[in-house]
>>> print(open('target-v1.txt').read())   # compact mmCIF, C-alpha atoms
# COMPACT_ATOMS: atom_id res chain seq x y z
CA MET A 1244 -34.35 1.76 -7.22
CA TRP A 1245 -32.06 2.62 -4.36
CA LEU A 1246 -34.50 1.91 -1.58
CA PRO A 1247 -34.30 -1.93 -1.88
CA ILE A 1248 -30.49 -1.82 -1.86
CA LEU A 1249 -30.61 0.42 1.18
CA GLY A 1250 -32.98 -2.10 2.76
CA LEU A 1251 -30.52 -4.91 2.02
CA ILE A 1252 -27.71 -2.97 3.63
CA ILE A 1253 -29.87 -2.14 6.65
CA GLY A 1254 -30.81 -5.84 6.99
CA VAL A 1255 -27.17 -6.94 6.86
CA ILE A 1256 -26.15 -4.36 9.44
CA LEU A 1257 -29.07 -5.33 11.65
CA GLY A 1258 -28.11 -9.00 11.41
CA LEU A 1259 -24.46 -8.31 12.18
CA LEU A 1260 -25.27 -6.04 15.10
CA THR A 1261 -27.75 -8.36 16.80
CA ASP A 1262 -25.11 -11.10 16.95
CA ILE A 1263 -27.63 -13.89 16.51
CA LYS A 1264 -26.22 -17.35 15.92
CA ILE A 1265 -28.18 -20.33 14.70
CA PRO A 1266 -27.28 -23.76 16.16
CA ASP A 1267 -25.19 -25.85 13.80
CA GLU A 1268 -27.91 -28.38 13.05
CA TYR A 1269 -30.22 -25.60 11.81
CA SER A 1270 -27.71 -23.73 9.67
CA ASN A 1271 -28.66 -26.03 6.78
CA TYR A 1272 -32.23 -24.76 6.87
CA LEU A 1273 -31.17 -21.17 7.02
CA SER A 1274 -28.80 -21.53 4.08
CA ILE A 1275 -31.50 -23.06 1.93
CA ALA A 1276 -33.92 -20.35 3.06
CA VAL A 1277 -31.39 -17.71 2.05
CA LEU A 1278 -31.08 -19.36 -1.34
CA ALA A 1279 -34.84 -19.37 -1.80
CA ALA A 1280 -35.03 -15.74 -0.76
CA LEU A 1281 -32.33 -14.76 -3.23
CA ASP A 1282 -34.13 -16.67 -5.94
CA THR A 1283 -37.33 -14.82 -5.20
CA LEU A 1284 -35.52 -11.52 -5.07
CA PHE A 1285 -33.95 -11.96 -8.49
CA GLY A 1286 -37.23 -13.25 -9.84
CA GLY A 1287 -38.84 -10.07 -8.57
CA ILE A 1288 -36.20 -7.90 -10.18
CA ARG A 1289 -36.63 -9.71 -13.49
CA ALA A 1290 -40.39 -9.36 -13.35
CA GLN A 1291 -39.99 -5.71 -12.58
CA LEU A 1292 -37.75 -5.25 -15.63
CA GLN A 1293 -40.18 -7.22 -17.80
CA ASN A 1294 -43.04 -5.11 -16.44
CA ILE A 1295 -44.97 -8.15 -15.19
CA TYR A 1296 -44.27 -7.49 -11.53
CA ASP A 1297 -47.11 -8.42 -9.16
CA GLU A 1298 -46.68 -7.60 -5.52
CA LYS A 1299 -48.87 -10.45 -4.30
CA VAL A 1300 -46.98 -13.03 -6.33
CA PHE A 1301 -43.67 -11.64 -5.15
CA VAL A 1302 -44.43 -11.53 -1.41
CA SER A 1303 -46.29 -14.84 -1.35
CA GLY A 1304 -43.53 -16.45 -3.48
CA PHE A 1305 -40.91 -15.20 -1.06
CA PHE A 1306 -42.45 -16.77 2.03
CA PHE A 1307 -43.78 -19.86 0.26
CA ASN A 1308 -40.41 -20.67 -1.31
CA ILE A 1309 -38.61 -20.26 1.99
CA LEU A 1310 -41.09 -22.53 3.75
CA LEU A 1311 -41.02 -25.11 0.99
CA ALA A 1312 -37.22 -25.19 0.92
CA ALA A 1313 -36.96 -25.50 4.68
CA SER A 1314 -39.59 -28.23 4.87
CA LEU A 1315 -37.91 -30.10 2.02
CA ALA A 1316 -34.62 -29.97 3.91
CA PHE A 1317 -36.43 -31.12 7.07
CA LEU A 1318 -38.01 -34.04 5.24
CA GLY A 1319 -34.65 -34.93 3.73
CA VAL A 1320 -33.00 -35.00 7.15
CA HIS A 1321 -35.70 -37.31 8.49
CA LEU A 1322 -35.75 -39.60 5.45
CA GLY A 1323 -31.98 -39.83 5.31
CA VAL A 1324 -32.01 -38.54 1.73
CA ASP A 1325 -30.30 -35.23 0.99
CA LEU A 1326 -33.48 -33.69 -0.35
CA TYR A 1327 -32.23 -30.19 0.29
CA LEU A 1328 -29.93 -30.73 -2.68
CA ALA A 1329 -33.06 -30.76 -4.85
CA ALA A 1330 -33.97 -27.34 -3.52
CA VAL A 1331 -30.41 -26.12 -3.97
CA PHE A 1332 -30.39 -27.37 -7.54
CA ALA A 1333 -33.79 -25.91 -8.43
CA PHE A 1334 -33.07 -22.54 -6.87
CA GLY A 1335 -29.57 -22.45 -8.30
CA VAL A 1336 -30.78 -23.08 -11.84
CA ARG A 1337 -33.52 -20.51 -11.50
CA LEU A 1338 -31.12 -18.03 -10.01
CA PHE A 1339 -28.82 -18.33 -13.02
CA GLN A 1340 -31.71 -18.11 -15.45
CA ASN A 1341 -33.11 -15.05 -13.75
CA ILE A 1342 -29.75 -13.35 -13.65
CA ALA A 1343 -29.21 -14.18 -17.32
CA VAL A 1344 -32.58 -12.70 -18.24
CA ILE A 1345 -31.84 -9.57 -16.18
CA ARG A 1346 -28.47 -9.24 -17.88
CA ARG A 1347 -30.01 -9.51 -21.35
CA ILE A 1348 -32.69 -6.99 -20.53
CA LEU A 1349 -30.15 -4.59 -19.10
CA ILE A 1350 -27.88 -5.03 -22.13
CA ALA A 1351 -30.80 -4.46 -24.47
CA LYS A 1352 -31.80 -1.35 -22.60
CA TRP A 1353 -28.24 -0.11 -22.55
CA SER A 1354 -27.75 -0.65 -26.31
CA GLN A 1355 -31.08 1.04 -26.98
CA ASN A 1356 -29.94 3.99 -24.94
CA GLN A 1357 -26.66 4.14 -26.82
CA GLU A 1358 -28.42 3.99 -30.18
CA LYS A 1359 -30.62 6.85 -29.02
CA THR A 1360 -27.65 8.93 -27.97
CA GLU A 1361 -25.88 8.15 -31.24
CA LYS A 1362 -28.94 9.21 -33.18
CA ASN A 1363 -29.12 12.37 -31.22
CA MET B 1325 -42.84 0.84 -9.59
CA ASP B 1326 -45.14 2.69 -7.22
CA SER B 1327 -44.24 3.49 -3.67
CA LYS B 1328 -46.29 0.60 -2.21
CA ASN B 1329 -44.44 -1.92 -4.32
CA LYS B 1330 -41.17 -0.35 -3.37
CA LEU B 1331 -42.04 -0.66 0.29
CA SER B 1332 -42.77 -4.38 0.07
CA PHE B 1333 -39.63 -4.89 -1.99
CA THR B 1334 -37.61 -3.06 0.60
CA PHE B 1335 -39.14 -5.10 3.37
CA ILE B 1336 -38.20 -8.30 1.56
CA THR B 1337 -34.66 -7.10 0.98
CA VAL B 1338 -34.31 -6.19 4.65
CA VAL B 1339 -35.38 -9.71 5.59
CA ILE B 1340 -32.97 -11.23 3.08
CA GLY B 1341 -30.14 -9.07 4.33
CA PHE B 1342 -30.87 -10.09 7.88
CA MET B 1343 -30.93 -13.76 6.95
CA ILE B 1344 -27.68 -13.52 5.03
CA ALA B 1345 -26.00 -11.77 7.94
CA VAL B 1346 -27.18 -14.37 10.41
CA GLN B 1347 -26.07 -17.19 8.14
CA PHE B 1348 -22.73 -15.53 7.65
CA GLN B 1349 -22.23 -15.19 11.38
CA THR B 1350 -23.23 -18.79 11.95
CA VAL B 1351 -20.90 -20.21 9.35
CA LYS B 1352 -18.01 -17.92 10.14
CA GLU B 1353 -16.00 -19.48 12.92
CA PRO B 1354 -14.27 -16.76 14.88
CA VAL B 1355 -10.59 -17.60 14.76
CA VAL B 1356 -9.15 -17.14 18.23
CA ARG B 1357 -5.43 -16.80 18.07
CA ASP B 1358 -3.40 -18.70 20.62
CA THR B 1359 -1.28 -16.02 22.24
CA ARG B 1360 0.12 -17.99 25.13
CA ASP B 1361 3.86 -18.04 25.53
CA THR B 1362 5.99 -21.00 26.53
CA TRP B 1363 5.58 -20.54 30.24
CA GLN B 1364 1.85 -20.18 30.09
CA LEU B 1365 1.72 -23.26 27.94
CA ARG B 1366 3.83 -25.12 30.45
CA GLU B 1367 1.54 -24.07 33.26
CA ASP B 1368 -1.50 -25.19 31.35
CA LEU B 1369 0.16 -28.47 30.56
CA LEU B 1370 0.97 -28.92 34.24
CA LYS B 1371 -2.64 -28.26 35.16
CA GLU B 1372 -3.88 -30.77 32.63
CA LYS B 1373 -1.38 -33.35 33.82
CA GLU B 1374 -2.51 -32.87 37.40
CA LEU B 1375 -6.08 -33.38 36.30
CA GLN B 1376 -5.05 -36.50 34.43
CA LEU B 1377 -3.25 -37.81 37.50
CA LYS B 1378 -6.31 -37.17 39.62
CA LEU B 1379 -8.55 -38.95 37.17
CA LEU B 1380 -6.15 -41.89 36.96
CA ARG B 1381 -6.11 -42.13 40.72
CA GLU B 1382 -9.88 -42.12 40.77
CA ILE B 1383 -10.00 -44.84 38.16
CA SER B 1384 -7.57 -47.03 40.07
CA SER B 1385 -9.47 -46.58 43.33
CA ASN B 1386 -12.70 -47.49 41.58
CA GLU B 1387 -11.07 -50.53 40.06
CA GLU B 1388 -9.83 -51.53 43.48
CA LYS B 1389 -13.35 -51.25 44.78
CA ILE B 1390 -14.60 -53.43 41.95
CA ALA B 1391 -11.97 -56.04 42.80
CA GLN B 1392 -13.01 -55.91 46.43
CA TYR B 1393 -16.62 -56.47 45.52
CA GLU B 1394 -15.57 -59.34 43.30
CA THR B 1395 -13.71 -61.09 46.08
CA LYS B 1396 -16.59 -60.44 48.42
CA ARG B 1397 -18.90 -62.10 45.96
CA LYS B 1398 -16.59 -65.09 45.79
CA GLN B 1399 -16.53 -65.34 49.54
CA SER B 1400 -20.27 -65.09 49.81
CA LYS B 1401 -20.67 -68.89 49.97
CA GLU B 1402 -18.53 -68.87 53.03
CA GLN B 1403 -20.61 -66.01 54.33
CA VAL B 1404 -23.78 -68.03 53.85
CA LEU B 1405 -22.25 -70.97 55.68
CA ARG B 1406 -21.21 -68.70 58.50
CA GLU B 1407 -24.67 -67.27 58.73
CA THR B 1408 -26.18 -70.74 58.79
CA LEU B 1409 -23.77 -71.77 61.50
CA GLU B 1410 -24.63 -68.70 63.52
CA GLU B 1411 -28.31 -69.43 63.09
CA LEU B 1412 -27.84 -73.00 64.20
CA ARG B 1413 -25.76 -71.90 67.15
CA MET B 1414 -28.49 -69.51 68.15
CA GLU B 1415 -31.12 -72.21 67.86
CA ALA B 1416 -29.00 -74.64 69.83
CA GLY B 1417 -28.53 -72.01 72.52
CA LEU B 1418 -24.81 -71.49 72.09
CA SER B 1419 -25.04 -67.76 71.59
CA GLU B 1420 -26.41 -64.91 73.61
CA VAL B 1421 -29.85 -63.80 72.45
CA THR B 1422 -31.47 -60.44 72.89
CA GLY B 1423 -35.04 -59.66 72.03
CA PRO B 1424 -38.51 -58.81 73.28
CA GLY B 1425 -39.68 -60.99 76.13
CA ILE B 1426 -40.79 -61.22 79.72
CA ILE B 1427 -39.08 -61.81 83.06
CA LEU B 1428 -40.60 -64.05 85.73
CA THR B 1429 -39.43 -63.96 89.32
CA ILE B 1430 -40.01 -66.84 91.68
CA GLU B 1431 -39.85 -65.67 95.25
CA PRO B 1432 -40.98 -67.03 98.59
CA VAL B 1433 -44.31 -65.90 99.92
CA TYR B 1434 -43.32 -63.49 102.67
CA GLU B 1435 -46.47 -64.03 104.69
CA GLU B 1436 -45.51 -67.68 105.12
CA LEU B 1437 -41.98 -66.69 106.10
CA LEU B 1438 -43.45 -64.62 108.88
CA LEU B 1439 -45.23 -67.70 110.12
CA GLY B 1440 -41.86 -69.42 110.42
CA LYS B 1441 -42.01 -71.76 107.48
CA GLN B 1442 -38.76 -72.47 105.75
CA VAL B 1443 -38.72 -72.14 102.01
CA ASP B 1444 -35.38 -73.06 100.59
CA SER B 1445 -35.79 -74.59 97.17
CA ILE B 1446 -38.10 -75.18 94.28
CA SER B 1447 -39.21 -78.63 93.37
CA PRO B 1448 -37.76 -79.69 90.02
CA ASP B 1449 -41.13 -81.01 88.87
CA LEU B 1450 -42.71 -77.62 89.29
CA LEU B 1451 -39.89 -75.92 87.45
CA LYS B 1452 -40.11 -78.42 84.60
CA ARG B 1453 -43.80 -77.83 84.42
CA LEU B 1454 -43.26 -74.10 84.25
CA VAL B 1455 -40.68 -74.47 81.48
CA ASN B 1456 -43.01 -76.75 79.57
CA GLU B 1457 -45.77 -74.26 79.91
CA LEU B 1458 -43.52 -71.47 78.68
CA ASN B 1459 -42.53 -73.58 75.69
CA MET B 1460 -46.16 -74.34 75.04
CA TYR B 1461 -46.84 -70.62 74.85
CA ASP B 1462 -44.20 -70.05 72.14
CA ALA B 1463 -41.22 -69.06 74.23
CA GLN B 1464 -38.13 -69.12 72.05
CA HIS B 1465 -35.26 -68.86 74.51
CA ILE B 1466 -35.38 -69.39 78.28
CA SER B 1467 -32.83 -68.92 81.00
CA ILE B 1468 -33.30 -69.84 84.65
CA ASP B 1469 -31.21 -67.98 87.16
CA GLY B 1470 -28.68 -67.08 84.47
CA ARG B 1471 -28.50 -70.67 83.12
CA ARG B 1472 -29.64 -71.15 79.56
CA VAL B 1473 -32.26 -73.82 79.04
CA ILE B 1474 -31.51 -75.86 75.91
CA ASN B 1475 -32.86 -79.12 74.54
CA THR B 1476 -30.55 -81.26 76.65
CA THR B 1477 -30.94 -79.27 79.86
CA VAL B 1478 -31.81 -81.40 82.85
CA ILE B 1479 -33.66 -80.11 85.89
CA ARG B 1480 -33.55 -82.66 88.68
CA ASP B 1481 -33.12 -83.28 92.34
CA ILE B 1482 -29.64 -84.23 93.42
CA ASN B 1483 -29.17 -84.76 97.15
CA ARG B 1484 -32.30 -82.79 97.98
CA GLU B 1485 -31.13 -79.87 95.89
CA THR B 1486 -32.71 -78.81 92.67
CA MET B 1487 -30.08 -78.68 89.99
CA ILE B 1488 -30.19 -77.31 86.52
CA ASP B 1489 -27.42 -78.82 84.42
CA GLY B 1490 -25.48 -79.49 87.58
CA TYR B 1491 -25.87 -76.02 89.06
CA ALA B 1492 -27.85 -75.67 92.25
CA LEU B 1493 -30.87 -73.43 92.41
CA ASN B 1494 -30.83 -72.68 96.09
CA ARG B 1495 -30.96 -68.94 96.18
CA LEU B 1496 -34.36 -67.38 96.08
CA PRO B 1497 -35.63 -65.37 94.33
CA ILE B 1498 -34.97 -66.98 90.98
CA GLU B 1499 -35.20 -64.98 87.81
CA ILE B 1500 -36.51 -66.64 84.66
CA LYS B 1501 -35.94 -64.76 81.45
CA VAL B 1502 -38.01 -65.67 78.44
CA ILE B 1503 -37.60 -64.33 74.89
CA ALA B 1504 -40.50 -64.56 72.49
CA GLU B 1505 -40.46 -64.26 68.73
CA ASN B 1506 -41.60 -60.65 68.64
CA ALA B 1507 -43.21 -57.99 70.77
CA GLN B 1508 -46.72 -59.27 70.01
CA SER B 1509 -46.00 -62.83 71.09
CA ALA B 1510 -44.23 -61.44 74.16
CA ASP B 1511 -47.49 -59.69 75.04
CA LYS B 1512 -49.39 -62.90 74.45
CA LEU B 1513 -46.95 -64.82 76.61
CA PHE B 1514 -47.33 -62.26 79.37
CA ASN B 1515 -51.12 -62.53 79.28
CA ARG B 1516 -51.07 -66.30 79.34
CA MET B 1517 -48.53 -66.51 82.14
CA GLN B 1518 -50.65 -64.23 84.29
CA VAL B 1519 -53.44 -66.79 84.35
CA SER B 1520 -51.16 -69.81 84.28
CA LYS B 1521 -51.92 -72.83 86.44
CA SER B 1522 -48.35 -73.57 87.38
CA ALA B 1523 -48.22 -70.26 89.19
CA GLU B 1524 -50.96 -71.54 91.49
CA GLU B 1525 -49.07 -74.75 92.01
CA PHE B 1526 -46.01 -72.75 92.99
CA PHE B 1527 -48.15 -71.08 95.60
CA ILE B 1528 -48.86 -74.45 97.22
CA ASP B 1529 -45.09 -74.72 97.74
CA ASN B 1530 -45.11 -71.28 99.33
CA LEU B 1531 -43.60 -69.67 96.26
CA ARG B 1532 -44.96 -66.86 94.22
CA VAL B 1533 -44.40 -66.37 90.48
CA LYS B 1534 -44.30 -62.73 89.63
CA VAL B 1535 -44.77 -61.99 85.93
CA HIS B 1536 -43.22 -58.70 84.91
CA LYS B 1537 -44.48 -56.69 82.02
CA PRO B 1538 -43.01 -57.42 78.57
CA GLU B 1539 -39.66 -55.77 78.04
CA ASP B 1540 -37.46 -55.11 75.09
CA PRO B 1541 -34.68 -56.05 75.15
CA VAL B 1542 -34.36 -59.08 77.38
CA THR B 1543 -31.00 -60.80 77.18
CA VAL B 1544 -30.67 -64.53 77.59
CA PRO B 1545 -27.09 -65.73 78.11
CA ALA B 1546 -25.43 -68.44 76.04
CA TYR B 1547 -25.12 -72.02 77.18
CA ASP B 1548 -21.59 -72.11 78.46
CA ASP B 1549 -20.84 -75.85 78.71
CA ALA B 1550 -19.81 -78.10 75.89
CA LEU B 1551 -22.72 -79.89 74.29
CA ARG B 1552 -22.42 -83.61 74.77
CA ILE B 1553 -24.24 -85.49 72.07
CA ARG B 1554 -23.27 -89.07 72.63
CA TYR B 1555 -26.12 -90.81 70.92
CA MET B 1556 -26.59 -88.54 67.95
CA GLU B 1557 -25.48 -89.58 64.48
CA PRO B 1558 -25.79 -87.83 61.16
CA VAL B 1559 -28.42 -89.38 58.90
CA LYS B 1560 -26.91 -91.19 55.92
CA PRO B 1561 -28.03 -89.46 52.72
CA GLU B 1562 -29.46 -92.49 50.89
CA GLU B 1563 -31.41 -93.64 53.91
CA GLY B 1564 -32.64 -90.16 54.49
CA GLY B 1565 -33.90 -90.00 50.91
CA LYS B 1566 -35.90 -93.18 51.29
CA SER B 1567 -37.70 -92.28 54.45
>>> encode(input="target-v1.txt", output="structure tokens")
Amino acid sequence: MWLPILGLIIGVILGLLTDIKIPDEYSNYLSIAVLAALDTLFGGIRAQLQNIYDEKVFVSGFFFNILLAASLAFLGVHLGVDLYLAAVFAFGVRLFQNIAVIRRILIAKWSQNQEKTEKN
Amino acid sequence: MDSKNKLSFTFITVVIGFMIAVQFQTVKEPVVRDTRDTWQLREDLLKEKELQLKLLREISSNEEKIAQYETKRKQSKEQVLRETLEELRMEAGLSEVTGPGIILTIEPVYEELLLGKQVDSISPDLLKRLVNELNMYDAQHISIDGRRVINTTVIRDINRETMIDGYALNRLPIEIKVIAENAQSADKLFNRMQVSKSAEEFFIDNLRVKVHKPEDPVTVPAYDDALRIRYMEPVKPEEGGKS
């Protein structure tokens, strides 16, 4: 459980230490990629809690979502339509749903635990 | 969750963390505080003003240049007229001409001098013939003994003296300078003059025409008298159009 959080912290530290900066015109792509990655991450956590976690789905979903989001943003830039908003919307909605599901599962687990302790 | 799954999950989280950090750094504009005091600000302002002054000066000089070019363009008609005039003057023989050409020297035959014959002048007919021959062989500008030969030049006998435009040709040797169109035609002229007939006819008069190799440059002086054109009239435009 703690290893992924440690990995997140390591990644953040790595990113801050390397001092990499993306040119302004590409920051759009990166932001949407970050959103996609977060969506996949929370999806993974939810699947894990629901015991339907599949490593292949998770890893492929991660990269595929990032690529799809970035290419959608790219297409939007070239068509003059803000297509990346579609990605933002889709990922945003899914992010909320996933987090809601995680919250419910956690609450259910927590109340179950409490009932158990009360019984004991 | 087995350890393999955990590993992939960790890898993904590392990547996400990295991406978030990079995005954060990109979006976050480092706020640089302006810590200059009044005097530093003044100095900077002075520097900028100097730069501005310099640029303004450059602009004005460039504008001046543009204005100069503009006036030049306006004057270009005059320039064309001047050029035409200069061309016409050159053709008429009123200006000094320099170019590739040959030099001929007419000198007495020394062997005859030894025999006691007196050679004092050239016959005008021979000289005219020579000039005609030169003209026939594409000579552009000719001068005889420093006198420019133009369209109205007369070579004739006055009181037993050969005169060119009123100047006597009584000193031998006489130098004839000829300018051709270019170096090639100068060569051609040289070759033709070497086998010219008039040279033989000069020899009958005890004179020898020496043709020197083509030179560049040969300078032919300008015609220095006023041109008298008594019988010339400009063509009237309507009559000129009909003909």
>>> atom_distance(input="target-v1.txt", atom1="CA of Val1519 (chain B)", atom2="CA of Asp1469 (chain B)")
22.4 Å
>>> residues_around(input="target-v1.txt", residues="region 1251-1263 of chain A", least_positions_apart="2", cutoff="9 Å", atoms="all atoms listed in the file", output="ChimeraX atom specification")
/A:1246-1249,1265 /B:1334-1346,1348-1350
>>> atom_distance(input="target-v1.txt", atom1="CA of Ala1550 (chain B)", atom2="CA of Thr1429 (chain B)")
27.7 Å
>>> atom_distance(input="target-v1.txt", atom1="CA of Glu1485 (chain B)", atom2="CA of Leu1451 (chain B)")
12.8 Å
>>> residues_near_point(input="target-v1.txt", point="(-35.4, -69.8, 70.6)", cutoff="6 Å", atoms="all atoms listed in the file", output="PDB file with C-alpha atoms, keeping the file's coordinate frame")
ATOM      1  CA  GLU B1415     -31.120 -72.210  67.860  1.00  0.00           C
ATOM      2  CA  GLN B1464     -38.130 -69.120  72.050  1.00  0.00           C
ATOM      3  CA  HIS B1465     -35.260 -68.860  74.510  1.00  0.00           C
TER       4      HIS B1465
END
>>> closest_residue(input="target-v1.txt", among="B:Tyr1461, B:Phe1527, B:Phe1514, B:Trp1363", to="Tyr1434 (chain B)", atoms="all atoms listed in the file")
B:Phe1527
>>> closest_residue(input="target-v1.txt", among="A:Ser1314, A:Ser1354, A:Asn1341, A:Gln1291", to="chain B", atoms="only C-alpha atoms")
A:Gln1291
>>> closest_residue(input="target-v1.txt", among="A:Lys1362, A:Lys1299, A:Arg1289, A:Lys1352", to="chain B", atoms="all atoms listed in the file")
A:Lys1299
>>> residues_around(input="target-v1.txt", residues="Tyr1272 (chain A)", least_positions_apart="6", cutoff="10 Å", atoms="all atoms listed in the file", output="list of chain:residue names")
A:Ile1265, A:Leu1278, A:Ile1309, A:Leu1310, A:Ala1312, A:Ala1313, A:Ser1314, A:Leu1315, A:Ala1316, A:Phe1317, A:Tyr1327, B:Gln1347
